[in-house]
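One file, model.txt, is given below (compact mmCIF, C-alpha atoms).
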# COMPACT_ATOMS: atom_id res chain seq x y z
CA MET M 908 -24.64 -7.13 -14.76
CA LYS M 909 -24.41 -7.16 -10.95
CA SER M 910 -21.34 -5.81 -9.20
CA ASP M 911 -20.81 -9.05 -7.24
CA ALA M 912 -20.33 -10.93 -10.49
CA LEU M 913 -17.93 -8.28 -11.73
CA ARG M 914 -15.77 -7.98 -8.67
CA GLY M 915 -13.64 -11.02 -9.49
CA HIS M 916 -13.00 -9.72 -12.98
CA LEU M 917 -12.59 -6.03 -12.24
CA ASP M 918 -8.80 -6.03 -12.32
CA ALA M 919 -8.73 -7.77 -15.71
CA LEU M 920 -11.38 -5.42 -17.09
CA LEU M 921 -9.40 -2.38 -15.97
CA LEU M 922 -6.19 -3.73 -17.49
CA ALA M 923 -8.03 -4.41 -20.76
CA THR M 924 -9.43 -0.88 -20.79
CA LEU M 925 -5.91 0.52 -20.50
CA ASP M 926 -4.60 -1.70 -23.28
CA GLY M 927 -5.31 0.99 -25.86
CA GLY M 928 -3.29 3.66 -24.10
CA GLN M 929 -3.28 5.82 -21.01
CA LEU M 930 -6.55 7.11 -19.60
CA HIS M 931 -7.72 9.03 -16.55
CA GLY M 932 -10.12 7.45 -14.07
CA TYR M 933 -13.39 8.78 -15.40
CA ALA M 934 -12.38 7.95 -18.98
CA ILE M 935 -11.70 4.38 -17.82
CA ILE M 936 -15.19 4.18 -16.34
CA GLU M 937 -16.70 5.58 -19.54
CA ALA M 938 -14.71 3.10 -21.63
CA LEU M 939 -15.85 0.20 -19.42
CA GLN M 940 -19.48 1.22 -19.81
CA ARG M 941 -19.15 1.85 -23.54
CA ARG M 942 -17.38 -1.42 -24.30
CA SER M 943 -19.87 -3.40 -22.24
CA GLY M 944 -22.82 -1.71 -23.92
CA GLY M 945 -23.76 -0.25 -20.55
CA ALA M 946 -24.12 -3.71 -18.97
CA LEU M 947 -21.42 -3.20 -16.34
CA ASP M 948 -23.31 -2.00 -13.30
CA LEU M 949 -20.58 -1.15 -10.83
CA PRO M 950 -20.34 1.66 -8.25
CA THR M 951 -17.81 3.88 -9.97
CA GLY M 952 -16.26 4.70 -6.61
CA THR M 953 -14.90 1.16 -6.42
CA VAL M 954 -12.87 1.66 -9.59
CA TYR M 955 -10.38 4.12 -8.09
CA PRO M 956 -9.19 1.93 -5.19
CA ALA M 957 -8.97 -0.93 -7.70
CA LEU M 958 -6.71 1.19 -9.90
CA ARG M 959 -4.52 1.96 -6.87
CA ARG M 960 -4.43 -1.73 -6.04
CA LEU M 961 -3.21 -2.44 -9.58
CA GLU M 962 -0.61 0.28 -9.17
CA ARG M 963 0.52 -1.29 -5.89
CA ALA M 964 0.87 -4.57 -7.77
CA GLY M 965 3.00 -2.84 -10.41
CA HIS M 966 0.48 -3.54 -13.17
CA VAL M 967 -0.27 0.12 -13.85
CA ALA M 968 1.57 3.38 -13.31
CA SER M 969 -0.08 6.74 -12.80
CA GLU M 970 0.67 10.44 -12.73
CA TRP M 971 -1.23 13.70 -12.47
CA SER M 972 -1.63 15.56 -15.73
CA THR M 973 -3.87 18.25 -17.17
CA VAL M 974 -6.58 16.83 -19.43
CA ALA M 975 -9.14 19.18 -20.99
CA GLY M 976 -8.13 21.91 -18.56
CA ARG M 977 -8.66 19.80 -15.45
CA GLN M 978 -6.05 18.06 -13.29
CA ARG M 979 -6.52 14.31 -13.59
CA ARG M 980 -4.62 11.24 -12.54
CA THR M 981 -3.89 9.23 -15.66
CA TYR M 982 -3.07 5.55 -15.68
CA ARG M 983 -1.09 3.42 -18.10
CA LEU M 984 -0.23 -0.26 -18.33
CA THR M 985 3.27 -1.34 -17.29
CA GLY M 986 5.13 -4.28 -18.82
CA ALA M 987 4.01 -6.44 -15.89
CA GLY M 988 0.44 -5.24 -16.44
CA GLN M 989 0.64 -6.15 -20.12
CA ARG M 990 1.78 -9.67 -19.21
CA ALA M 991 -0.92 -9.97 -16.55
CA LEU M 992 -3.51 -8.94 -19.14
CA SER M 993 -2.27 -11.60 -21.58
CA ASP M 994 -2.53 -14.21 -18.82
CA GLU M 995 -6.03 -13.02 -17.90
CA ARG M 996 -7.15 -13.20 -21.54
CA ALA M 997 -5.76 -16.71 -21.96
CA ALA M 998 -7.44 -17.84 -18.73
CA TRP M 999 -10.72 -16.22 -19.79
CA ARG M 1000 -10.68 -17.96 -23.20
CA GLU M 1001 -10.00 -21.29 -21.52
CA PHE M 1002 -12.84 -20.65 -19.08
CA THR M 1003 -15.38 -19.60 -21.71
CA VAL M 1004 -14.53 -22.58 -23.94
CA ALA M 1005 -15.07 -24.94 -20.99
CA ILE M 1006 -18.34 -23.29 -19.90
CA GLU M 1007 -19.62 -23.02 -23.47
CA GLY M 1008 -19.00 -26.74 -23.87
CA VAL M 1009 -21.38 -27.45 -21.00
CA LEU M 1010 -23.90 -24.60 -21.13
CA GLY M 1011 -23.82 -23.89 -24.84
CA GLY M 1012 -26.69 -26.23 -25.61
CA GLY M 1013 -24.91 -28.19 -28.34
CA PRO M 1014 -25.07 -31.99 -28.63
CA TRP M 1015 -23.32 -33.94 -25.87
CA PRO M 1016 -20.30 -35.91 -27.09
CA LYS M 1017 -21.00 -39.64 -27.37
CA GLN M 1018 -19.58 -41.76 -24.59
CA ALA M 1019 -16.67 -43.97 -25.62
CA MET O 297 -19.93 24.26 -13.39
CA ALA O 298 -22.39 22.28 -11.34
CA GLU O 299 -23.31 23.88 -8.04
CA ALA O 300 -21.06 22.76 -5.22
CA GLY O 301 -23.01 20.93 -2.59
CA VAL O 302 -23.93 17.32 -3.16
CA ILE O 303 -20.47 16.31 -4.38
CA GLU O 304 -18.63 18.33 -1.74
CA ARG O 305 -20.79 16.87 1.02
CA TYR O 306 -20.18 13.36 -0.25
CA VAL O 307 -16.41 13.87 -0.49
CA ASP O 308 -16.38 15.45 3.00
CA GLU O 309 -18.20 12.43 4.40
CA LEU O 310 -15.78 10.09 2.65
CA ASP O 311 -12.92 12.14 4.08
CA GLY O 312 -14.42 11.77 7.55
CA ARG O 313 -14.53 7.98 7.24
CA LEU O 314 -10.95 7.53 6.06
CA ARG O 315 -7.79 7.34 8.16
CA GLY O 316 -4.26 7.25 6.84
CA PRO O 317 -1.34 9.19 5.40
CA ALA O 318 -2.56 12.75 4.75
CA ALA O 319 -0.87 13.15 1.36
CA VAL O 320 -2.22 9.86 0.00
CA LYS O 321 -5.66 10.62 1.37
CA ALA O 322 -5.69 14.09 -0.20
CA ASP O 323 -4.63 12.54 -3.50
CA LEU O 324 -7.37 9.88 -3.38
CA LEU O 325 -10.02 12.43 -2.44
CA ALA O 326 -8.90 14.85 -5.17
CA GLU O 327 -9.26 12.06 -7.70
CA ALA O 328 -12.71 11.13 -6.36
CA ARG O 329 -13.83 14.77 -6.45
CA ASP O 330 -12.55 15.18 -10.04
CA SER O 331 -14.30 12.02 -11.15
CA LEU O 332 -17.58 13.12 -9.59
CA ALA O 333 -17.23 16.53 -11.23
CA ASP O 334 -16.56 14.85 -14.60
CA ALA O 335 -19.64 12.67 -14.20
CA ALA O 336 -21.81 15.63 -13.10
CA ASP O 337 -20.58 17.72 -16.06
CA SER O 338 -21.46 14.87 -18.39
CA TYR O 339 -25.01 14.57 -16.97
CA ARG O 340 -25.45 18.34 -17.00
CA ASP O 341 -24.41 18.37 -20.68
CA GLY O 342 -27.07 15.73 -21.18
CA GLY O 343 -29.71 18.15 -19.92
CA LEU O 344 -29.94 17.55 -16.16
CA SER O 345 -30.01 20.42 -13.69
CA PRO O 346 -26.70 20.98 -11.87
CA GLU O 347 -28.08 19.57 -8.63
CA ASP O 348 -29.63 16.52 -10.26
CA ALA O 349 -26.41 15.97 -12.21
CA GLU O 350 -24.38 15.97 -8.98
CA ARG O 351 -26.92 13.75 -7.25
CA LEU O 352 -26.78 11.18 -10.06
CA ALA O 353 -22.96 11.31 -10.13
CA VAL O 354 -22.84 10.63 -6.38
CA GLU O 355 -25.42 7.87 -6.69
CA GLU O 356 -23.36 6.14 -9.37
CA PHE O 357 -20.18 6.57 -7.36
CA GLY O 358 -21.74 4.31 -4.75
CA PRO O 359 -22.85 4.37 -1.11
CA LEU O 360 -20.07 5.32 1.32
CA ALA O 361 -20.40 1.98 3.08
CA VAL O 362 -19.53 0.25 -0.21
CA VAL O 363 -16.87 2.66 -1.44
CA ALA O 364 -14.97 3.63 1.73
CA PRO O 365 -13.48 0.18 2.59
CA GLY O 366 -11.61 0.06 -0.74
CA TYR O 367 -10.13 3.50 -0.14
CA GLN O 368 -9.26 2.63 3.46
CA ALA O 369 -7.46 -0.53 2.35
CA GLU O 370 -5.27 1.49 -0.02
CA LEU O 371 -4.50 4.05 2.68
CA ALA O 372 -3.51 1.26 5.07
CA ALA O 373 -1.28 -0.33 2.41
CA ALA O 374 0.34 3.02 1.62
CA HIS O 375 1.07 3.58 5.31
CA ALA O 376 2.61 0.11 5.64
CA ALA O 377 4.85 0.64 2.59
CA THR O 378 6.08 4.00 3.91
CA MET O 379 6.73 2.46 7.31
CA LEU O 380 8.79 -0.38 5.82
CA ARG O 381 10.82 2.10 3.74
CA THR O 382 11.40 4.13 6.92
CA VAL O 383 12.62 1.00 8.70
CA MET O 384 14.93 0.18 5.77
CA VAL O 385 16.60 3.59 5.88
CA LEU O 386 16.38 4.80 9.47
CA ILE O 387 17.57 1.75 11.41
CA PRO O 388 20.82 1.14 9.48
CA LEU O 389 21.45 4.90 9.38
CA THR O 390 21.11 5.16 13.16
CA TYR O 391 23.40 2.18 13.57
CA VAL O 392 26.07 3.64 11.28
CA LEU O 393 25.88 6.96 13.14
CA TRP O 394 26.33 5.14 16.45
CA GLU O 395 29.29 3.14 15.11
CA LEU O 396 30.97 6.30 13.73
CA ASN O 397 30.47 8.04 17.06
CA ARG O 398 31.83 5.06 18.93
CA MET O 399 34.91 4.82 16.69
CA PHE O 400 35.59 8.55 17.00
CA TRP O 401 35.04 8.92 20.76
CA ILE O 402 36.00 5.50 22.12
CA GLY O 403 37.98 3.62 19.46
CA PRO O 404 38.22 -0.18 19.28
CA TRP O 405 36.65 -2.15 22.14
CA SER O 406 39.14 -3.59 24.63
CA SER O 407 38.62 -7.01 26.22
CA PHE O 408 37.05 -7.27 29.68
CA GLY O 409 39.65 -7.10 32.46
CA GLY O 410 42.18 -8.81 30.22
CA GLY O 411 40.32 -12.13 30.49
CA PRO O 412 38.54 -13.99 27.70
CA THR O 413 35.18 -12.56 26.60
CA PRO O 414 32.34 -14.95 27.51
CA GLY O 415 30.79 -16.76 24.53
CA TRP O 416 27.27 -15.51 25.29
CA TYR O 417 28.50 -11.92 25.27
CA LYS O 418 30.23 -12.45 21.93
CA PHE O 419 26.97 -13.84 20.56
CA VAL O 420 24.81 -10.91 21.67
CA SER O 421 27.33 -8.19 20.81
CA GLN O 422 28.07 -9.60 17.35
CA GLY O 423 24.36 -10.24 16.84
CA ASN O 424 23.64 -6.65 17.82
CA GLY O 425 25.94 -5.55 15.00
CA TYR O 426 24.13 -7.72 12.47
CA VAL O 427 20.58 -6.97 13.64
CA PRO O 428 20.23 -3.55 11.88
CA TRP O 429 21.19 -5.17 8.58
CA ILE O 430 18.91 -8.15 9.23
CA ILE O 431 16.07 -5.70 9.94
CA THR O 432 16.86 -3.81 6.72
CA ALA O 433 16.78 -7.08 4.78
CA ILE O 434 13.48 -8.11 6.41
CA ALA O 435 11.91 -4.73 5.53
CA GLY O 436 13.19 -4.96 1.94
CA VAL O 437 11.95 -8.52 1.50
CA SER O 438 8.60 -7.48 3.01
CA LEU O 439 8.24 -4.69 0.45
CA VAL O 440 8.93 -7.12 -2.39
CA ALA O 441 6.59 -9.69 -0.82
CA GLY O 442 3.94 -6.97 -0.58
CA ARG O 443 4.09 -6.43 -4.32
CA VAL O 444 3.94 -10.17 -5.01
CA LEU O 445 0.98 -10.57 -2.66
CA SER O 446 -0.73 -7.56 -4.27
CA ARG O 447 -0.47 -9.35 -7.62
CA ARG O 448 -2.16 -12.32 -6.03
CA GLY O 449 -5.06 -10.16 -4.96
CA VAL O 450 -4.19 -9.81 -1.27
CA SER O 451 -6.01 -6.76 0.10
CA GLY O 452 -4.32 -3.61 1.32
CA THR O 453 -5.84 -4.25 4.75
CA THR O 454 -4.15 -7.63 5.04
CA LEU O 455 -0.85 -6.23 3.76
CA SER O 456 -0.97 -3.44 6.32
CA ARG O 457 -1.64 -5.91 9.09
CA LEU O 458 1.28 -8.10 7.94
CA GLY O 459 3.54 -5.06 7.60
CA GLY O 460 2.67 -3.94 11.12
CA ARG O 461 3.46 -7.35 12.55
CA VAL O 462 6.77 -7.55 10.67
CA ALA O 463 7.77 -4.11 12.00
CA ILE O 464 6.81 -5.05 15.56
CA GLY O 465 8.95 -8.18 15.17
CA CYS O 466 11.85 -6.08 13.91
CA VAL O 467 11.58 -3.68 16.84
CA GLY O 468 11.42 -6.62 19.24
CA LEU O 469 14.52 -8.18 17.69
CA GLY O 470 16.44 -4.91 17.77
CA VAL O 471 15.49 -4.05 21.35
CA ALA O 472 16.17 -7.61 22.57
CA PHE O 473 19.73 -7.64 21.22
CA ASN O 474 20.47 -4.06 22.22
CA LEU O 475 19.23 -4.54 25.77
CA SER O 476 21.13 -7.83 26.00
CA VAL O 477 24.36 -6.02 25.14
CA VAL O 478 23.64 -3.25 27.66
CA ILE O 479 22.75 -5.70 30.43
CA GLY O 480 25.69 -7.96 29.50
CA THR O 481 28.10 -5.04 29.56
CA ALA O 482 26.68 -3.87 32.89
CA THR O 483 27.26 -7.35 34.31
CA LEU O 484 30.82 -7.70 33.05
CA ASP O 485 32.10 -4.14 33.26
CA ALA O 486 29.49 -1.57 34.33
CA PRO O 487 31.78 1.53 34.13
CA ARG O 488 32.14 0.84 30.41
CA LEU O 489 28.54 2.00 29.99
CA LEU O 490 29.58 5.50 31.00
CA MET O 491 30.35 6.49 27.44
CA PRO O 492 31.02 9.98 26.09
CA ALA O 493 27.81 12.00 25.68
CA PRO O 494 27.71 11.89 21.83
CA VAL O 495 27.91 8.07 21.90
CA LEU O 496 25.20 7.85 24.57
CA LEU O 497 23.09 10.26 22.56
CA ALA O 498 23.51 8.09 19.45
CA GLY O 499 22.46 5.11 21.58
CA VAL O 500 19.36 6.95 22.75
CA MET O 501 18.60 7.77 19.10
CA PHE O 502 18.34 4.02 18.50
CA TYR O 503 15.51 3.80 21.00
CA VAL O 504 13.84 6.91 19.61
CA VAL O 505 13.83 5.23 16.18
CA PHE O 506 12.59 1.93 17.63
CA ILE O 507 9.77 3.73 19.44
CA ARG O 508 8.89 5.63 16.26
CA VAL O 509 8.76 2.40 14.25
CA GLY O 510 6.69 0.80 17.00
CA VAL O 511 4.18 3.66 16.80
CA LEU O 512 4.04 3.38 13.00
CA ALA O 513 3.51 -0.38 13.29
CA LYS O 514 0.70 0.09 15.77
CA ARG O 515 -0.89 2.56 13.36
CA CYS O 516 -0.64 -0.07 10.62
CA LEU O 517 -2.72 -2.42 12.75
CA ALA O 518 -5.17 0.38 13.62
CA LEU O 519 -5.59 1.48 9.98
CA SER O 520 -6.24 -2.07 8.84
CA ALA O 521 -8.98 -2.35 11.47
CA VAL O 522 -10.91 0.85 10.54

Before anything else, please render the file you have as structure tokens.
Amino acid sequence: MKSDALRGHLDALLLATLDGGQLHGYAIIEALQRRSGGALDLPTGTVYPALRRLERAGHVASEWSTVAGRQRRTYRLTGAGQRALSDERAAWREFTVAIEGVLGGGPWPKQA
Amino acid sequence: MAEAGVIERYVDELDGRLRGPAAVKADLLAEARDSLADAADSYRDGGLSPEDAERLAVEEFGPLAVVAPGYQAELAAAHAATMLRTVMVLIPLTYVLWELNRMFWIGPWSSFGGGPTPGWYKFVSQGNGYVPWIITAIAGVSLVAGRVLSRRGVSGTTLSRLGGRVAIGCVGLGVAFNLSVVIGTATLDAPRLLMPAPVLLAGVMFYVVFIRVGVLAKRCLALSAV
């Protein structure tokens, strides 16, 4: 999947990745690639500024910690981030239902 | 450990492209370096040579022209936030110090020559007392607005530019009222400006702080234009 198409959804994807618990940056990238079946083709260097942007927005919080013997900045969802993720999921479901209705290839509803 | 070289060169080049608060920059670069090392370790574990592993990690990280603007935007936003916090603390603190000095060395102000104080002078002198608190409120509201705008996807570059303009406005407001009081006092009763040295010094401190904030604001605009 091209990075241009992803850019608008990157924040939501990052929030969703952190939904399971706190992760450091590279683990977030690995999780994104794993959960997308490797389809997310994004320069990994764009993920870190995006995480900082989410932190600036108060959606994630971060701190340095030692993971597997290496110092890493780990990120976790805040309450505001959790709410933003719920909103993003609801909006995404609404969007996919609408697009599926048009592009899904099913029969067109009869005109009244 | 993969041989240092490709990753270090990449991080050095990224470092060379970025401008902003040194501590934030060091933190961002440390995170980038760690991530690249993690990726290289993973590829090396997968069977690549150390150099190839580093090269692939750097390739996946992205070209500097693509990656650097995102980092720069965060540096600019971090600078703007620090500047606004500085404004919030330093300007009221300087004002309180000046007021304490004035109360200790001069005491309450007396009226000019026994006559009534002109209305315009009352306006500027009272306004001058309120301005530090107005500036503090503006800086505080700007910080909150920055968070709200961040949630709406406004870039760090734009926030830095806005922060710089707000700070320049605050300095302009502060200097305008302060100079008005000085000029007004000089017009009505010039000898009154010959205050005890500690009070004058506290007054000069005001301008030192205003100049400092002005420099920080200018840097906000410069960082958002890198």

Handout entry: segment 462-464 of chain O surroundings by only C-alpha atoms, 12 Å radius, close-in-sequence under 4 positions cut, as a PyMOL selection string
Key = chain O and resi 376-384+387+431-439+441-442+455-458+468-472+505-517

Practice task
Please measure the separation of atom CA of Leu947 of chain M and atom CA of Ala372 of chain O, giving the value in Å to one decimal.
Solution key: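 Calculated distance between atom CA of Leu947 of chain M and atom CA of Ala372 of chain O is 28.3 Å.
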
Practice task
Identify which of the residues O:Gly358, O:Gly415, O:Gly449, O:Gly366 lies closest to Gly915 of chain M, counting all atoms listed in the file when measuring atom-to-atom distances.
Solution key: O:Gly449

Exercise for the section: Report the distance between atom CA of Ala318 of chain O and atom CA of Thr924 of chain M in Å, rounded to one decimal place. Expected result: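 Straight-line distance from atom CA of Ala318 of chain O to atom CA of Thr924 of chain M works out to 29.8 Å.
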
Just need the residues of chain O within 6 Å of chain M, counting all atoms listed in the file, so spit them out as a tab-separated table (two decimals) with C-alpha atoms, in the frame of the given file.
chain	number	residue	atom	x	y	z
O	331	SER	CA	-14.30	12.02	-11.15
O	356	GLU	CA	-23.36	6.14	-9.37
O	357	PHE	CA	-20.18	6.57	-7.36
O	358	GLY	CA	-21.74	4.31	-4.75
O	363	VAL	CA	-16.87	2.66	-1.44
O	366	GLY	CA	-11.61	0.06	-0.74
O	367	TYR	CA	-10.13	3.50	-0.14
O	443	ARG	CA	4.09	-6.43	-4.32
O	446	SER	CA	-0.73	-7.56	-4.27
O	447	ARG	CA	-0.47	-9.35	-7.62

Exercise for the section: Give as number ranges by chain the set of residues within 10 Å of the point (35.1, 12.6, 21.9), where distances use the file's coordinates and all atoms listed in the file. Expected result: O: 397-403, 491-495

Exercise for the section: Using all atoms listed in the file, pick whichever of O:Val504, O:Leu490, O:Ala521, O:Val307 has the shortest atom-to-atom distance to Lys321 of chain O. Expected result: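 Closest to Lys321 of chain O, using all atoms listed in the file: O:Val307.
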
Practice task
Extract, using all atoms listed in the file, all DNA, RNA and protein residues at most 7 Å from Leu992 of chain M, discarding same-chain residues fewer than 2 positions from it, and format them as a list in words.
Solution key: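 The residues satisfying every condition are Ala919, Leu922, Ala923, Gly988, Gln989, Arg990, Asp994, Glu995 and Arg996 of chain M.
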
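Interatomic distance, atom CA of Leu396 of chain O against atom CA of Val500 of chain O: 14.7 Å.
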
For a quick check of your reading of the model, name the residues lying within 8 Å of the coordinate (-5.1, 7.7, 5.9), counting only C-alpha atoms, and write them as a PDB file with C-alpha atoms, in the coordinates of the input.
ATOM      1  CA  LEU O 314     -10.950   7.530   6.060  1.00  0.00           C
ATOM      2  CA  ARG O 315      -7.790   7.340   8.160  1.00  0.00           C
ATOM      3  CA  GLY O 316      -4.260   7.250   6.840  1.00  0.00           C
ATOM      4  CA  PRO O 317      -1.340   9.190   5.400  1.00  0.00           C
ATOM      5  CA  ALA O 318      -2.560  12.750   4.750  1.00  0.00           C
ATOM      6  CA  VAL O 320      -2.220   9.860   0.000  1.00  0.00           C
ATOM      7  CA  LYS O 321      -5.660  10.620   1.370  1.00  0.00           C
ATOM      8  CA  GLN O 368      -9.260   2.630   3.460  1.00  0.00           C
ATOM      9  CA  LEU O 371      -4.500   4.050   2.680  1.00  0.00           C
ATOM     10  CA  ALA O 372      -3.510   1.260   5.070  1.00  0.00           C
ATOM     11  CA  HIS O 375       1.070   3.580   5.310  1.00  0.00           C
ATOM     12  CA  LEU O 519      -5.590   1.480   9.980  1.00  0.00           C
TER      13      LEU O 519
END

Show me, as AutoDock Vina command-line options, the centre and edge lengths in Å to one decimal of the axis-aligned box that covers every listed atom of segment 458-475 of chain O with 5 Å on each side.
--center_x 10.9 --center_y -5.9 --center_z 16.7 --size_x 29.2 --size_y 14.5 --size_z 28.2

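Distance annotation: of M:Arg983, M:Ala1005, M:Lys1017, M:Leu1010, the residue with the minimal separation from Leu930 of chain M is M:Arg983; atom set is all atoms listed in the file.
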
Handout entry: Close residues, Tyr339 of chain O itself excluded, 10 Å, all atoms listed in the file, min 6 positions apart in chain, as a PyMOL selection string
Key = chain O and resi 298+333+345-346+348-353

What would segment 947-972 of chain M look like with N, CA and C atoms restored, written as a PDB file, in the frame of the given file?
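Below is the file that was written, part.pdb:
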ATOM      1  N   LEU M 947     -22.217  -3.112 -17.564  1.00  0.00           N
ATOM      2  CA  LEU M 947     -21.420  -3.200 -16.340  1.00  0.00           C
ATOM      3  C   LEU M 947     -21.969  -2.237 -15.293  1.00  0.00           C
ATOM      4  N   ASP M 948     -22.658  -2.805 -14.335  1.00  0.00           N
ATOM      5  CA  ASP M 948     -23.310  -2.000 -13.300  1.00  0.00           C
ATOM      6  C   ASP M 948     -22.461  -2.063 -12.036  1.00  0.00           C
ATOM      7  N   LEU M 949     -21.553  -1.117 -11.920  1.00  0.00           N
ATOM      8  CA  LEU M 949     -20.580  -1.150 -10.830  1.00  0.00           C
ATOM      9  C   LEU M 949     -20.518   0.232 -10.186  1.00  0.00           C
ATOM     10  N   PRO M 950     -20.529   0.321  -8.839  1.00  0.00           N
ATOM     11  CA  PRO M 950     -20.340   1.660  -8.250  1.00  0.00           C
ATOM     12  C   PRO M 950     -19.005   2.231  -8.728  1.00  0.00           C
ATOM     13  N   THR M 951     -19.049   3.366  -9.377  1.00  0.00           N
ATOM     14  CA  THR M 951     -17.810   3.880  -9.970  1.00  0.00           C
ATOM     15  C   THR M 951     -16.753   4.182  -8.914  1.00  0.00           C
ATOM     16  N   GLY M 952     -17.201   4.415  -7.692  1.00  0.00           N
ATOM     17  CA  GLY M 952     -16.260   4.700  -6.610  1.00  0.00           C
ATOM     18  C   GLY M 952     -15.393   3.506  -6.241  1.00  0.00           C
ATOM     19  N   THR M 953     -15.735   2.322  -6.715  1.00  0.00           N
ATOM     20  CA  THR M 953     -14.900   1.160  -6.420  1.00  0.00           C
ATOM     21  C   THR M 953     -13.765   1.013  -7.441  1.00  0.00           C
ATOM     22  N   VAL M 954     -13.875   1.773  -8.533  1.00  0.00           N
ATOM     23  CA  VAL M 954     -12.870   1.660  -9.590  1.00  0.00           C
ATOM     24  C   VAL M 954     -11.532   2.280  -9.152  1.00  0.00           C
ATOM     25  N   TYR M 955     -11.614   3.406  -8.441  1.00  0.00           N
ATOM     26  CA  TYR M 955     -10.380   4.120  -8.090  1.00  0.00           C
ATOM     27  C   TYR M 955      -9.493   3.329  -7.112  1.00  0.00           C
ATOM     28  N   PRO M 956     -10.045   2.781  -6.034  1.00  0.00           N
ATOM     29  CA  PRO M 956      -9.190   1.930  -5.190  1.00  0.00           C
ATOM     30  C   PRO M 956      -8.647   0.729  -5.953  1.00  0.00           C
ATOM     31  N   ALA M 957      -9.446   0.211  -6.909  1.00  0.00           N
ATOM     32  CA  ALA M 957      -8.970  -0.930  -7.700  1.00  0.00           C
ATOM     33  C   ALA M 957      -7.776  -0.526  -8.561  1.00  0.00           C
ATOM     34  N   LEU M 958      -7.835   0.695  -9.096  1.00  0.00           N
ATOM     35  CA  LEU M 958      -6.710   1.190  -9.900  1.00  0.00           C
ATOM     36  C   LEU M 958      -5.458   1.341  -9.026  1.00  0.00           C
ATOM     37  N   ARG M 959      -5.663   1.824  -7.797  1.00  0.00           N
ATOM     38  CA  ARG M 959      -4.520   1.960  -6.870  1.00  0.00           C
ATOM     39  C   ARG M 959      -3.962   0.593  -6.484  1.00  0.00           C
ATOM     40  N   ARG M 960      -4.866  -0.370  -6.370  1.00  0.00           N
ATOM     41  CA  ARG M 960      -4.430  -1.730  -6.040  1.00  0.00           C
ATOM     42  C   ARG M 960      -3.563  -2.272  -7.188  1.00  0.00           C
ATOM     43  N   LEU M 961      -3.995  -1.996  -8.419  1.00  0.00           N
ATOM     44  CA  LEU M 961      -3.210  -2.440  -9.580  1.00  0.00           C
ATOM     45  C   LEU M 961      -1.868  -1.717  -9.640  1.00  0.00           C
ATOM     46  N   GLU M 962      -1.869  -0.484  -9.196  1.00  0.00           N
ATOM     47  CA  GLU M 962      -0.610   0.280  -9.170  1.00  0.00           C
ATOM     48  C   GLU M 962       0.324  -0.317  -8.114  1.00  0.00           C
ATOM     49  N   ARG M 963      -0.259  -0.659  -6.962  1.00  0.00           N
ATOM     50  CA  ARG M 963       0.520  -1.290  -5.890  1.00  0.00           C
ATOM     51  C   ARG M 963       1.115  -2.611  -6.372  1.00  0.00           C
ATOM     52  N   ALA M 964       0.388  -3.289  -7.240  1.00  0.00           N
ATOM     53  CA  ALA M 964       0.870  -4.570  -7.770  1.00  0.00           C
ATOM     54  C   ALA M 964       1.879  -4.366  -8.900  1.00  0.00           C
ATOM     55  N   GLY M 965       2.057  -3.122  -9.331  1.00  0.00           N
ATOM     56  CA  GLY M 965       3.000  -2.840 -10.410  1.00  0.00           C
ATOM     57  C   GLY M 965       2.412  -3.097 -11.788  1.00  0.00           C
ATOM     58  N   HIS M 966       1.105  -3.271 -11.872  1.00  0.00           N
ATOM     59  CA  HIS M 966       0.480  -3.540 -13.170  1.00  0.00           C
ATOM     60  C   HIS M 966       0.126  -2.266 -13.931  1.00  0.00           C
ATOM     61  N   VAL M 967      -0.067  -1.171 -13.202  1.00  0.00           N
ATOM     62  CA  VAL M 967      -0.270   0.120 -13.850  1.00  0.00           C
ATOM     63  C   VAL M 967       0.604   1.161 -13.165  1.00  0.00           C
ATOM     64  N   ALA M 968       0.855   2.240 -13.896  1.00  0.00           N
ATOM     65  CA  ALA M 968       1.570   3.380 -13.310  1.00  0.00           C
ATOM     66  C   ALA M 968       0.685   4.593 -13.532  1.00  0.00           C
ATOM     67  N   SER M 969       0.797   5.581 -12.647  1.00  0.00           N
ATOM     68  CA  SER M 969      -0.080   6.740 -12.800  1.00  0.00           C
ATOM     69  C   SER M 969       0.663   8.042 -12.522  1.00  0.00           C
ATOM     70  N   GLU M 970       0.108   9.108 -13.024  1.00  0.00           N
ATOM     71  CA  GLU M 970       0.670  10.440 -12.730  1.00  0.00           C
ATOM     72  C   GLU M 970      -0.419  11.483 -12.960  1.00  0.00           C
ATOM     73  N   TRP M 971      -0.282  12.614 -12.278  1.00  0.00           N
ATOM     74  CA  TRP M 971      -1.230  13.700 -12.470  1.00  0.00           C
ATOM     75  C   TRP M 971      -0.878  14.441 -13.746  1.00  0.00           C
ATOM     76  N   SER M 972      -1.881  14.767 -14.522  1.00  0.00           N
ATOM     77  CA  SER M 972      -1.630  15.560 -15.730  1.00  0.00           C
ATOM     78  C   SER M 972      -2.873  16.406 -15.997  1.00  0.00           C
TER      79      SER M 972
END
